[in-house]
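final_35.txt (compact mmCIF, C-alpha atoms)
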```txt
# COMPACT_ATOMS: atom_id res chain seq x y z
CA MET A 1 0.00 0.00 0.00
CA LYS A 2 1.45 3.34 -1.08
CA THR A 3 1.42 6.16 1.43
CA PHE A 4 -0.12 9.42 0.26
CA LYS A 5 0.29 12.66 2.14
CA LYS A 6 -3.36 12.94 3.12
CA GLY A 7 -4.63 9.43 2.41
CA LEU A 8 -6.32 7.21 4.95
CA THR A 9 -4.26 4.02 4.78
CA LEU A 10 -4.86 0.85 6.76
CA LYS A 11 -1.96 1.78 9.04
CA VAL A 12 -3.54 5.18 9.80
CA VAL A 13 -6.91 3.55 10.56
CA LEU A 14 -5.20 1.11 12.93
CA PHE A 15 -3.51 4.00 14.76
CA ILE A 16 -6.82 5.88 15.05
CA VAL A 17 -8.35 2.73 16.54
CA PHE A 18 -5.35 2.52 18.88
CA THR A 19 -5.81 6.13 20.12
CA ASP A 20 -9.49 5.34 20.65
CA ILE A 21 -8.59 2.33 22.75
CA LEU A 22 -6.12 4.52 24.69
CA GLU A 23 -8.85 7.15 25.18
CA THR A 24 -11.17 4.43 26.44
CA PHE A 25 -8.58 3.35 29.02
CA VAL A 26 -7.92 6.99 29.98
CA GLN A 27 -11.64 7.37 30.82
CA PHE A 28 -11.62 3.99 32.59
CA CYS A 29 -8.59 5.01 34.70
CA PHE A 30 -10.12 8.41 35.56
CA LYS A 31 -13.33 6.73 36.65
CA LYS A 32 -11.42 4.11 38.69
CA SER A 33 -9.36 6.81 40.42
CA THR A 34 -12.51 8.70 41.44
CA LEU A 35 -14.17 5.48 42.61
CA THR A 36 -11.45 5.20 45.27
CA GLN A 37 -13.14 8.27 46.81
CA SER A 38 -16.63 6.77 46.84
CA GLY A 39 -17.63 8.14 50.25
CA PHE A 40 -16.94 11.68 49.09
CA ASP A 41 -19.40 14.45 49.87
CA VAL A 42 -18.84 18.17 49.30
CA ARG A 43 -19.70 20.22 52.37
CA ALA A 44 -16.96 22.83 52.29
CA PHE A 45 -14.57 24.18 49.70
CA SER A 46 -11.64 22.44 51.43
CA ASP A 47 -13.37 19.10 50.72
CA ILE A 48 -12.44 19.54 47.05
CA PHE A 49 -8.76 19.57 47.98
CA SER A 50 -9.03 16.47 50.12
CA PHE A 51 -10.87 14.81 47.22
CA LEU A 52 -8.13 15.77 44.75
CA GLY A 53 -5.49 14.64 47.27
CA GLY A 54 -7.19 11.27 47.54
CA VAL A 55 -7.50 10.90 43.78
CA MET A 56 -3.86 11.84 43.25
CA SER A 57 -2.75 9.03 45.53
CA SER A 58 -4.43 6.58 43.17
CA TRP A 59 -2.15 4.84 40.69
CA PHE A 60 -4.99 4.89 38.16
CA LEU A 61 -4.77 8.69 37.89
CA TRP A 62 -1.05 8.64 37.11
CA GLY A 63 -1.64 5.84 34.64
CA ALA A 64 -4.27 8.05 32.98
CA PHE A 65 -1.82 10.97 32.71
CA LEU A 66 0.78 8.71 31.11
CA LEU A 67 -1.81 7.47 28.60
CA VAL A 68 -2.85 11.08 27.80
CA LEU A 69 0.78 11.91 26.97
CA LEU A 70 1.10 8.84 24.74
CA GLU A 71 -2.20 9.70 23.08
CA PHE A 72 -1.02 13.25 22.29
CA ILE A 73 2.13 11.89 20.61
CA ILE A 74 0.15 9.46 18.45
CA TRP A 75 -2.58 12.01 17.66
CA ALA A 76 -0.01 14.62 16.55
CA THR A 77 1.72 12.03 14.36
CA LEU A 78 -1.64 11.05 12.82
CA LEU A 79 -2.58 14.66 12.09
CA SER A 80 0.67 15.05 10.16
CA LYS A 81 -0.69 12.42 7.77
CA ILE A 82 -4.44 13.02 7.46
CA ASP A 83 -7.01 15.84 7.29
CA LEU A 84 -8.52 17.09 10.54
CA SER A 85 -12.02 16.69 9.09
CA VAL A 86 -11.29 12.96 8.67
CA ALA A 87 -9.41 12.35 11.92
CA VAL A 88 -12.02 13.84 14.26
CA PRO A 89 -15.07 11.85 13.04
CA ALA A 90 -12.93 8.71 12.85
CA ALA A 91 -11.91 9.21 16.48
CA SER A 92 -15.58 8.92 17.48
CA LEU A 93 -15.01 5.16 17.36
CA SER A 94 -14.36 5.53 21.10
CA TYR A 95 -18.17 5.67 21.40
CA VAL A 96 -18.07 2.13 20.06
CA PHE A 97 -15.22 0.91 22.27
CA VAL A 98 -16.35 2.43 25.57
CA PRO A 99 -19.59 0.36 25.68
CA ILE A 100 -17.68 -2.80 24.75
CA VAL A 101 -15.14 -2.23 27.54
CA SER A 102 -18.05 -1.45 29.87
CA ILE A 103 -19.61 -4.84 29.08
CA ILE A 104 -16.41 -6.75 29.63
CA PHE A 105 -14.89 -4.97 32.64
CA LEU A 106 -17.75 -3.14 34.34
CA HIS A 107 -20.50 -5.71 33.49
CA GLU A 108 -22.88 -3.04 32.19
CA LYS A 109 -25.78 -3.86 29.85
CA ILE A 110 -26.13 -2.33 26.36
CA THR A 111 -29.62 -1.47 25.08
CA LEU A 112 -30.88 -1.86 21.51
CA LEU A 113 -30.99 1.95 21.13
CA ARG A 114 -27.31 2.13 22.01
CA TRP A 115 -26.43 -0.64 19.54
CA SER A 116 -28.24 1.31 16.80
CA GLY A 117 -26.27 4.43 17.76
CA ILE A 118 -23.06 2.41 17.54
CA PHE A 119 -24.15 1.24 14.07
CA PHE A 120 -24.73 4.85 12.90
CA ILE A 121 -21.30 5.91 14.17
CA LEU A 122 -19.61 3.03 12.36
CA MET A 123 -21.46 3.91 9.12
CA GLY A 124 -20.46 7.56 9.49
CA VAL A 125 -16.80 6.71 10.03
CA ILE A 126 -16.86 4.42 6.97
CA PHE A 127 -18.37 7.27 4.87
CA VAL A 128 -15.78 9.76 6.08
CA SER A 129 -12.89 7.41 5.39
CA MET A 130 -14.31 6.62 1.92
CA SER A 131 -14.39 10.36 1.14
CA SER A 132 -10.69 10.50 1.94
CA LYS A 133 -9.93 7.58 -0.38
CA GLU A 134 -11.94 9.18 -3.19
CA LYS A 135 -9.87 12.34 -2.97
CA GLN A 136 -6.71 10.25 -2.99
CA GLU A 137 -7.78 8.58 -6.27
CA HIS A 138 -8.73 11.98 -7.65
CA LEU A 139 -5.22 13.25 -6.90
CA GLU A 140 -3.70 10.34 -8.79
CA MET B 1 -32.07 20.96 35.05
CA LYS B 2 -32.46 23.66 37.65
CA GLN B 3 -30.08 26.20 36.17
CA GLY B 4 -31.15 28.38 33.24
CA LEU B 5 -31.13 26.48 29.99
CA PRO B 6 -29.64 29.38 27.95
CA VAL B 7 -26.62 29.45 30.29
CA ILE B 8 -25.99 25.71 29.93
CA LEU B 9 -26.49 25.90 26.16
CA SER B 10 -24.02 28.74 25.75
CA LEU B 11 -21.48 26.94 27.97
CA ILE B 12 -21.75 23.82 25.78
CA VAL B 13 -21.33 25.91 22.62
CA PHE B 14 -18.34 27.54 24.30
CA THR B 15 -16.61 24.19 25.11
CA SER B 16 -17.27 22.98 21.57
CA LEU B 17 -15.74 26.16 20.15
CA CYS B 18 -12.71 25.81 22.47
CA ASP B 19 -12.26 22.21 21.32
CA THR B 20 -12.45 23.29 17.70
CA ILE B 21 -9.88 26.06 18.22
CA ASN B 22 -7.67 23.56 20.07
CA GLN B 23 -7.73 21.08 17.18
CA VAL B 24 -7.37 23.74 14.46
CA PHE B 25 -4.37 25.30 16.26
CA LEU B 26 -2.76 21.88 16.65
CA LYS B 27 -3.39 20.88 13.05
CA SER B 28 -2.16 24.20 11.63
CA ALA B 29 1.01 23.90 13.75
CA ILE B 30 1.50 20.37 12.44
CA ASN B 31 0.98 21.59 8.87
CA THR B 32 4.07 23.82 9.22
CA LEU B 33 6.17 20.72 9.92
CA SER B 34 6.59 17.56 7.92
CA LEU B 35 7.03 13.96 8.94
CA SER B 36 8.50 11.99 6.07
CA SER B 37 7.68 8.35 5.46
CA PRO B 38 8.69 5.77 6.57
CA VAL B 39 7.85 6.94 10.09
CA THR B 40 10.28 5.76 12.75
CA VAL B 41 10.26 6.27 16.54
CA LYS B 42 13.33 8.51 16.24
CA LYS B 43 11.57 10.70 13.66
CA ILE B 44 8.44 10.91 15.82
CA ILE B 45 10.47 12.07 18.84
CA ARG B 46 12.18 14.74 16.72
CA PHE B 47 8.78 15.74 15.29
CA ILE B 48 7.19 16.12 18.75
CA VAL B 49 10.17 18.16 20.01
CA GLU B 50 9.86 20.46 16.98
CA LEU B 51 6.09 20.62 17.47
CA ILE B 52 6.15 21.82 21.08
CA LYS B 53 8.43 24.67 19.97
CA VAL B 54 5.59 26.09 17.84
CA PRO B 55 3.78 28.78 19.92
CA ARG B 56 0.38 27.84 18.43
CA VAL B 57 0.59 24.41 20.09
CA TRP B 58 0.63 26.11 23.49
CA GLY B 59 -2.45 28.02 22.40
CA SER B 60 -3.95 24.65 21.61
CA PHE B 61 -3.08 23.35 25.12
CA PHE B 62 -4.60 26.48 26.65
CA PHE B 63 -7.90 26.01 24.84
CA SER B 64 -7.89 22.32 25.67
CA ILE B 65 -7.60 23.05 29.42
CA LEU B 66 -10.19 25.85 29.15
CA SER B 67 -12.58 23.49 27.38
CA LEU B 68 -12.09 20.76 30.00
CA SER B 69 -12.69 23.21 32.87
CA VAL B 70 -15.92 24.58 31.37
CA TRP B 71 -16.99 21.00 30.51
CA LEU B 72 -16.67 20.00 34.18
CA VAL B 73 -18.90 22.95 35.11
CA VAL B 74 -21.43 21.86 32.47
CA LEU B 75 -21.43 18.28 33.77
CA SER B 76 -22.08 19.49 37.31
CA LYS B 77 -25.15 21.46 36.13
CA ALA B 78 -26.69 19.49 33.26
CA ASP B 79 -27.78 15.92 32.59
CA LEU B 80 -24.96 13.86 31.14
CA ASN B 81 -26.88 12.60 28.08
CA PHE B 82 -28.17 16.06 27.25
CA ALA B 83 -24.67 17.55 27.53
CA PHE B 84 -23.09 14.78 25.46
CA SER B 85 -25.68 14.98 22.68
CA LEU B 86 -25.20 18.72 22.30
CA ASP B 87 -21.43 18.46 22.56
CA SER B 88 -21.41 16.50 19.29
CA MET B 89 -21.93 19.84 17.51
CA VAL B 90 -18.13 19.98 17.73
CA TYR B 91 -18.07 17.69 14.66
CA VAL B 92 -19.92 20.32 12.62
CA PHE B 93 -17.58 23.07 13.87
CA ILE B 94 -14.52 20.94 13.05
CA ALA B 95 -15.77 20.14 9.54
CA TYR B 96 -16.59 23.82 8.91
CA ALA B 97 -13.27 25.08 10.32
CA SER B 98 -11.31 22.43 8.38
CA GLN B 99 -12.99 23.57 5.18
CA HIS B 100 -12.63 27.31 5.67
CA ILE B 101 -9.54 27.79 7.83
CA LEU B 102 -7.38 24.77 6.99
CA LYS B 103 -8.64 24.70 3.37
CA GLU B 104 -9.40 20.96 3.48
CA LYS B 105 -11.81 19.63 0.87
CA VAL B 106 -14.90 18.55 2.81
CA CYS B 107 -17.02 16.89 0.12
CA PHE B 108 -20.64 15.71 0.33
CA LYS B 109 -19.66 12.19 1.41
CA ARG B 110 -17.55 13.53 4.27
CA TRP B 111 -20.35 15.82 5.45
CA SER B 112 -22.87 12.96 5.37
CA GLY B 113 -20.46 10.70 7.27
CA THR B 114 -20.06 13.44 9.89
CA ILE B 115 -23.85 13.81 10.19
CA LEU B 116 -24.21 10.01 10.60
CA VAL B 117 -21.62 10.09 13.42
CA ILE B 118 -23.57 12.88 15.16
CA MET B 119 -26.84 10.93 14.85
CA GLY B 120 -25.12 7.86 16.26
CA ILE B 121 -23.72 9.80 19.22
CA ILE B 122 -27.16 11.25 19.99
CA LEU B 123 -28.65 7.72 19.93
CA VAL B 124 -25.86 6.37 22.15
CA THR B 125 -26.26 9.16 24.69
CA LEU B 126 -30.05 8.91 24.72
CA SER B 127 -29.95 5.20 25.55
```
What's the structure tokens form of this structure?
Amino acid sequence: MKTFKKGLTLKVVLFIVFTDILETFVQFCFKKSTLTQSGFDVRAFSDIFSFLGGVMSSWFLWGAFLLVLLEFIIWATLLSKIDLSVAVPAASLSYVFVPIVSIIFLHEKITLLRWSGIFFILMGVIFVSMSSKEKQEHLE
Amino acid sequence: MKQGLPVILSLIVFTSLCDTINQVFLKSAINTLSLSSPVTVKKIIRFIVELIKVPRVWGSFFFSILSLSVWLVVLSKADLNFAFSLDSMVYVFIAYASQHILKEKVCFKRWSGTILVIMGIILVTLS
């Protein structure tokens, strides 16, 4: 597969999927770090600091920060290869991965309405990536 | 929703705009650099180091933090599914800004794909 400056190659798609998976784990880690403070209740302003202190002592939070850094590096590299108007809709695949991770790790249930939403997102991403390929052929 | 709806709405529009500015700044900074193929880890490191030297990237970070802060305020005031559905207007802003500021060619197929993604997100957040 030849690499074009703005084309959406298989490798690029795989990296977008990878950033989405990273984003999913970032959200998972953030949620886990706040769950360590489950008995939290805001009564005074100083409570916010004790909450943040508690969250910061969680390894999940630091893991999330590390993942955010990695995600920025990959995202910047991706944007050097593809259009922003392709990358952003394609990154909405995290709406597909978050529910799947929720089923597996958090044992949540997915409704039919949500599955149909997931289907629409997938169709949209396919359309957007096809538009990129069309332009690539046009350039040739 | 106890707080005034217009306030929440304008805050959501504001976060979406901040997100759009963040991405457009980042992309336009990246457009000034080039990353030649084949991409290696060494090249990526050099690319990132060059990238963070571009002042616009720091503008991008600023808007990203601003957006996150306002988003947290929105989440504390509004229903999550309502906020998330409306936040998907960022896709329209991004497509429009890409077309007019970054001069990307956003054709009919790309617009319809973007609209499908927005519809999907609304369905996901409503469920």
Could you produce a table of the residues of segment 9-89 of chain B lying within 10 Å of segment 104-119 of chain B, with the nearest pair of atoms per residue and their separation in Å rounded to one decimal, using all atoms listed in the file, ordered by chain and increasing residue number, as JSON lines?
```
{"residue": "B:Ser85", "atom": "CA", "partner": "B:Ile118", "partner_atom": "CA", "distance": 8.1}
{"residue": "B:Leu86", "atom": "CA", "partner": "B:Ile118", "partner_atom": "CA", "distance": 9.4}
{"residue": "B:Asp87", "atom": "CA", "partner": "B:Ile118", "partner_atom": "CA", "distance": 9.5}
{"residue": "B:Ser88", "atom": "CA", "partner": "B:Ile118", "partner_atom": "CA", "distance": 5.9}
{"residue": "B:Met89", "atom": "CA", "partner": "B:Ile118", "partner_atom": "CA", "distance": 7.5}
```
Set the cut-off to 10 Å and count all atoms listed in the file: what are the residues of chain B that reach chain A? Output as a PyMOL selection string. chain B and resi 23-24+26-39+43-45+47-48+51+88+90-99+102-127
Quote the spacing between atom CA of Asp79 of chain B and atom CA of Thr24 of chain A in Å to one decimal place.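 Taking atom CA of Asp79 of chain B and atom CA of Thr24 of chain A, their separation equals 21.1 Å.
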Please, what distance in Å, to one decimal, runs between atom CA of Val101 of chain A and atom CA of Gln27 of chain A?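 These atoms are spaced 10.7 Å apart.
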Work out how far apart atom CA of Thr15 of chain B and atom CA of Leu75 of chain B are and give it in Å to one decimal.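 We find that atom CA of Thr15 of chain B and atom CA of Leu75 of chain B lie 11.5 Å from each other.
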Using all atoms listed in the file, determine which residues lie at most 10 Å from Phe28 of chain A, disregarding the query and same-chain residues fewer than 4 positions distant; provide the list as a list in words. Leu22, Glu23, Thr24, Lys32, Ser33, Phe60, Leu61, Ala64, Val98, Val101, Ser102, Phe105 and Leu106 of chain A
Residue nearest Pro55 of chain B among B:Val7, B:Leu68, B:Phe25, B:Ser16 (counting only C-alpha atoms):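 Of B:Val7, B:Leu68, B:Phe25, B:Ser16, the one nearest Pro55 of chain B, counting only C-alpha atoms, is B:Phe25.
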